[in-house]
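Below: one structure, written as structure tokens.
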Amino acid sequence: GENVEQHPSTLSVQEGDSAVIKCTYSDSASNYFPWYKQELGKRPQLIIDIRSNVGEKKDQRIAVTLNKTAKHFSLHITETQPEDSAVYFCAPRVNQGGKLIFGQGTELSVKP
Amino acid sequence: GAVVSQHPSWVICKSGTSVKIECRSLDFQATTMFWYRQFPKQSLMLMATSNEGSKATYEQGVEKDKFLINHASLTLSTLTVTSAHPEDSSFYICSARDILAGGWEQYFGPGTRLTVT
């Protein structure tokens with residue numbers, strides 16, 4: 001089955017700094033790569049996604065980069081704010097069945 | 001658009017009883033829905049893929065006789081936890097994809113917190 005590894009598990013930054021979270025996956029047929037933000041007790045919220053035919057996508061302070069050859073994709077958050085504090089998950093889509101396999105999560109803490 | 005609801009939002013039940021959780025796509029048709037379980041401070045673990053009009057596909061290690069899934073219509077999937085035990089206490093979340101819209105995004109329900117006493 002698909003193996004997904006996410007690093008780091010915790011990340012603490014000062015407000016205004018950048019944060020980078022990396023996700024590696026094993027299924028070379030994966031074709032959709034979303035990142036989710038989850039606040040305590042709530043549903044995962046899609047913050048950005050990328051498809052396999054694109055190398056990079058940006059939406060204001062958030063960007064995702066994809067390296068299909070190396071089978072990893074990364075979340076980049078610039079100018080972090082305290083409200084960015086949450087748990088972030090990568091969840092590459094397994095081509096067979098269309099299911100998402102979630103990484104272990106990264107707890108991001110942005111200190112004012 | 002693309003809203004998924006779950007009912008109930010939380011439930012407390014006694015050990016040995018069964019609990020049914022509903023997942024509805026409110027404004028789109030979902031031929032496939034997914035059920036996840038999340039324990040405190042852990043990731044979402046896919047339990048099963050629910051297919052409208054056919055049997056669900058369970059992930060390895062998930063007991064299909066304990067977690068009964070029914071997807072009887074294009075907008076409703078149900079998960080029944082049978083003979084619940086305290087170790088089944090968890091946050092259960094469903095998701096669905098609007099295939100007819102051609103999108104790739106999965107829409108998540110708000111989750112159901114199950115506590116078994």
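To be explicit about the labels: the chains of the structure tokens are called A, B, and onward in the order shown, and within each one the residues are counted from 1, while ligands get numbers from 1 in the order they are shown.
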In chain B, DSSP strand (DSSP E or B) residues written as a PyMOL selection string: chain B and resi 4-7+10-13+19-25+32-38+45-51+57-58+67-73+76-81+90-97+106-108+112-116
Near chain A, meaning an atom within 10 Å, which residues of chain B appear when counting only C-alpha atoms? Write them as an MDAnalysis selection string. chainID B and resid 32:34 40:46 48:49 57 59:60 91:97 104:113
Restrict the selected residues to N, CA, C and O atoms and save them as a tab-separated table (two decimals), in the first residue's frame.
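What landed in result.tsv:
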```tsv
chain	number	residue	atom	x	y	z
B	32	THR	N	-19.08	7.79	-4.33
B	32	THR	CA	-18.09	7.24	-3.41
B	32	THR	C	-17.90	8.17	-2.22
B	32	THR	O	-17.76	9.38	-2.39
B	33	MET	N	-17.92	7.59	-1.05
B	33	MET	CA	-17.62	8.34	0.17
B	33	MET	C	-16.55	7.57	0.92
B	33	MET	O	-16.38	6.36	0.74
B	34	PHE	N	-15.84	8.27	1.78
B	34	PHE	CA	-14.74	7.67	2.54
B	34	PHE	C	-14.98	7.89	4.03
B	34	PHE	O	-15.44	8.95	4.44
B	40	PRO	N	-7.05	10.92	19.37
B	40	PRO	CA	-6.44	12.19	19.81
B	40	PRO	C	-4.97	12.28	19.45
B	40	PRO	O	-4.20	11.32	19.63
B	41	LYS	N	-4.59	13.42	18.90
B	41	LYS	CA	-3.21	13.73	18.53
B	41	LYS	C	-2.64	12.77	17.49
B	41	LYS	O	-1.43	12.59	17.41
B	42	GLN	N	-3.52	12.14	16.72
B	42	GLN	CA	-3.06	11.26	15.65
B	42	GLN	C	-3.63	11.72	14.31
B	42	GLN	O	-4.43	12.64	14.24
B	43	SER	N	-3.20	11.04	13.27
B	43	SER	CA	-3.63	11.38	11.92
B	43	SER	C	-4.98	10.75	11.60
B	43	SER	O	-5.51	9.96	12.39
B	44	LEU	N	-5.52	11.10	10.47
B	44	LEU	CA	-6.73	10.46	9.99
B	44	LEU	C	-6.35	9.13	9.36
B	44	LEU	O	-5.48	9.07	8.47
B	45	MET	N	-7.02	8.08	9.81
B	45	MET	CA	-6.77	6.76	9.26
B	45	MET	C	-7.98	6.32	8.44
B	45	MET	O	-9.09	6.28	8.95
B	46	LEU	N	-7.76	6.03	7.18
B	46	LEU	CA	-8.85	5.60	6.32
B	46	LEU	C	-9.34	4.23	6.77
B	46	LEU	O	-8.55	3.30	6.93
B	48	ALA	N	-12.52	2.80	5.36
B	48	ALA	CA	-13.19	2.12	4.26
B	48	ALA	C	-13.65	3.12	3.21
B	48	ALA	O	-13.81	4.31	3.48
B	49	THR	N	-13.85	2.59	2.02
B	49	THR	CA	-14.42	3.35	0.92
B	49	THR	C	-15.82	2.84	0.70
B	49	THR	O	-16.03	1.63	0.50
B	57	THR	N	-15.40	-1.15	0.53
B	57	THR	CA	-14.04	-1.70	0.50
B	57	THR	C	-13.34	-1.28	1.77
B	57	THR	O	-13.15	-0.09	2.01
B	59	GLU	N	-10.17	-1.09	4.54
B	59	GLU	CA	-8.72	-1.09	4.62
B	59	GLU	C	-8.25	-2.26	5.46
B	59	GLU	O	-8.99	-2.80	6.30
B	60	GLN	N	-7.01	-2.63	5.25
B	60	GLN	CA	-6.43	-3.75	5.98
B	60	GLN	C	-6.49	-3.49	7.47
B	60	GLN	O	-6.14	-2.39	7.94
B	91	PHE	N	-12.88	10.03	16.91
B	91	PHE	CA	-13.50	11.05	16.05
B	91	PHE	C	-13.65	10.41	14.68
B	91	PHE	O	-12.65	10.02	14.06
B	92	TYR	N	-14.88	10.27	14.21
B	92	TYR	CA	-15.14	9.63	12.92
B	92	TYR	C	-15.52	10.71	11.91
B	92	TYR	O	-16.42	11.52	12.14
B	93	ILE	N	-14.81	10.72	10.78
B	93	ILE	CA	-15.02	11.75	9.76
B	93	ILE	C	-15.28	11.09	8.41
B	93	ILE	O	-14.60	10.12	8.05
B	94	CYS	N	-16.22	11.62	7.67
B	94	CYS	CA	-16.47	11.11	6.33
B	94	CYS	C	-16.07	12.18	5.31
B	94	CYS	O	-15.93	13.36	5.65
B	95	SER	N	-15.86	11.74	4.09
B	95	SER	CA	-15.58	12.70	3.01
B	95	SER	C	-16.19	12.18	1.72
B	95	SER	O	-16.49	10.98	1.59
B	96	ALA	N	-16.36	13.07	0.76
B	96	ALA	CA	-16.94	12.69	-0.53
B	96	ALA	C	-16.37	13.59	-1.61
B	96	ALA	O	-15.93	14.70	-1.33
B	97	ARG	N	-16.41	13.08	-2.81
B	97	ARG	CA	-15.91	13.87	-3.95
B	97	ARG	C	-17.05	14.10	-4.93
B	97	ARG	O	-17.83	13.17	-5.19
B	104	TRP	N	-11.26	17.38	-8.12
B	104	TRP	CA	-10.46	16.38	-7.43
B	104	TRP	C	-10.54	16.53	-5.91
B	104	TRP	O	-10.14	15.66	-5.17
B	105	GLU	N	-11.06	17.65	-5.47
B	105	GLU	CA	-11.10	17.93	-4.04
B	105	GLU	C	-12.09	17.00	-3.34
B	105	GLU	O	-13.16	16.69	-3.87
B	106	GLN	N	-11.72	16.56	-2.14
B	106	GLN	CA	-12.63	15.81	-1.30
B	106	GLN	C	-13.18	16.76	-0.25
B	106	GLN	O	-12.45	17.56	0.33
B	107	TYR	N	-14.48	16.64	-0.01
B	107	TYR	CA	-15.15	17.50	0.96
B	107	TYR	C	-15.42	16.69	2.22
B	107	TYR	O	-15.98	15.60	2.17
B	108	PHE	N	-15.00	17.25	3.34
B	108	PHE	CA	-15.09	16.52	4.60
B	108	PHE	C	-16.31	16.95	5.41
B	108	PHE	O	-16.68	18.13	5.43
B	109	GLY	N	-16.91	15.98	6.09
B	109	GLY	CA	-17.95	16.30	7.05
B	109	GLY	C	-17.32	16.86	8.31
B	109	GLY	O	-16.10	16.80	8.49
B	110	PRO	N	-18.15	17.39	9.22
B	110	PRO	CA	-17.63	18.01	10.43
B	110	PRO	C	-17.17	17.01	11.49
B	110	PRO	O	-16.57	17.40	12.49
B	111	GLY	N	-17.42	15.73	11.26
B	111	GLY	CA	-16.97	14.72	12.20
B	111	GLY	C	-18.01	14.37	13.25
B	111	GLY	O	-18.90	15.16	13.56
B	112	THR	N	-17.88	13.17	13.78
B	112	THR	CA	-18.73	12.69	14.88
B	112	THR	C	-17.82	12.17	15.98
B	112	THR	O	-17.00	11.29	15.73
B	113	ARG	N	-17.99	12.75	17.16
B	113	ARG	CA	-17.17	12.28	18.29
B	113	ARG	C	-17.94	11.21	19.04
B	113	ARG	O	-19.01	11.46	19.58
```
Looking at A:Val110, A:Ile21, A:Ile47, A:Ile62, which one is nearest to Glu5 in chain A, with distances taken over only C-alpha atoms? A:Ile21
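What separates CA of Gln38 in chain A from CA of Ala86 in chain A is a distance of 6.0 Å.
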One decimal, Å: what's the distance from CA of Thr117 in chain B over to CA of Trp35 in chain B, could you say?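 So the two atoms, CA of Thr117 in chain B and CA of Trp35 in chain B, lie 22.6 Å apart.
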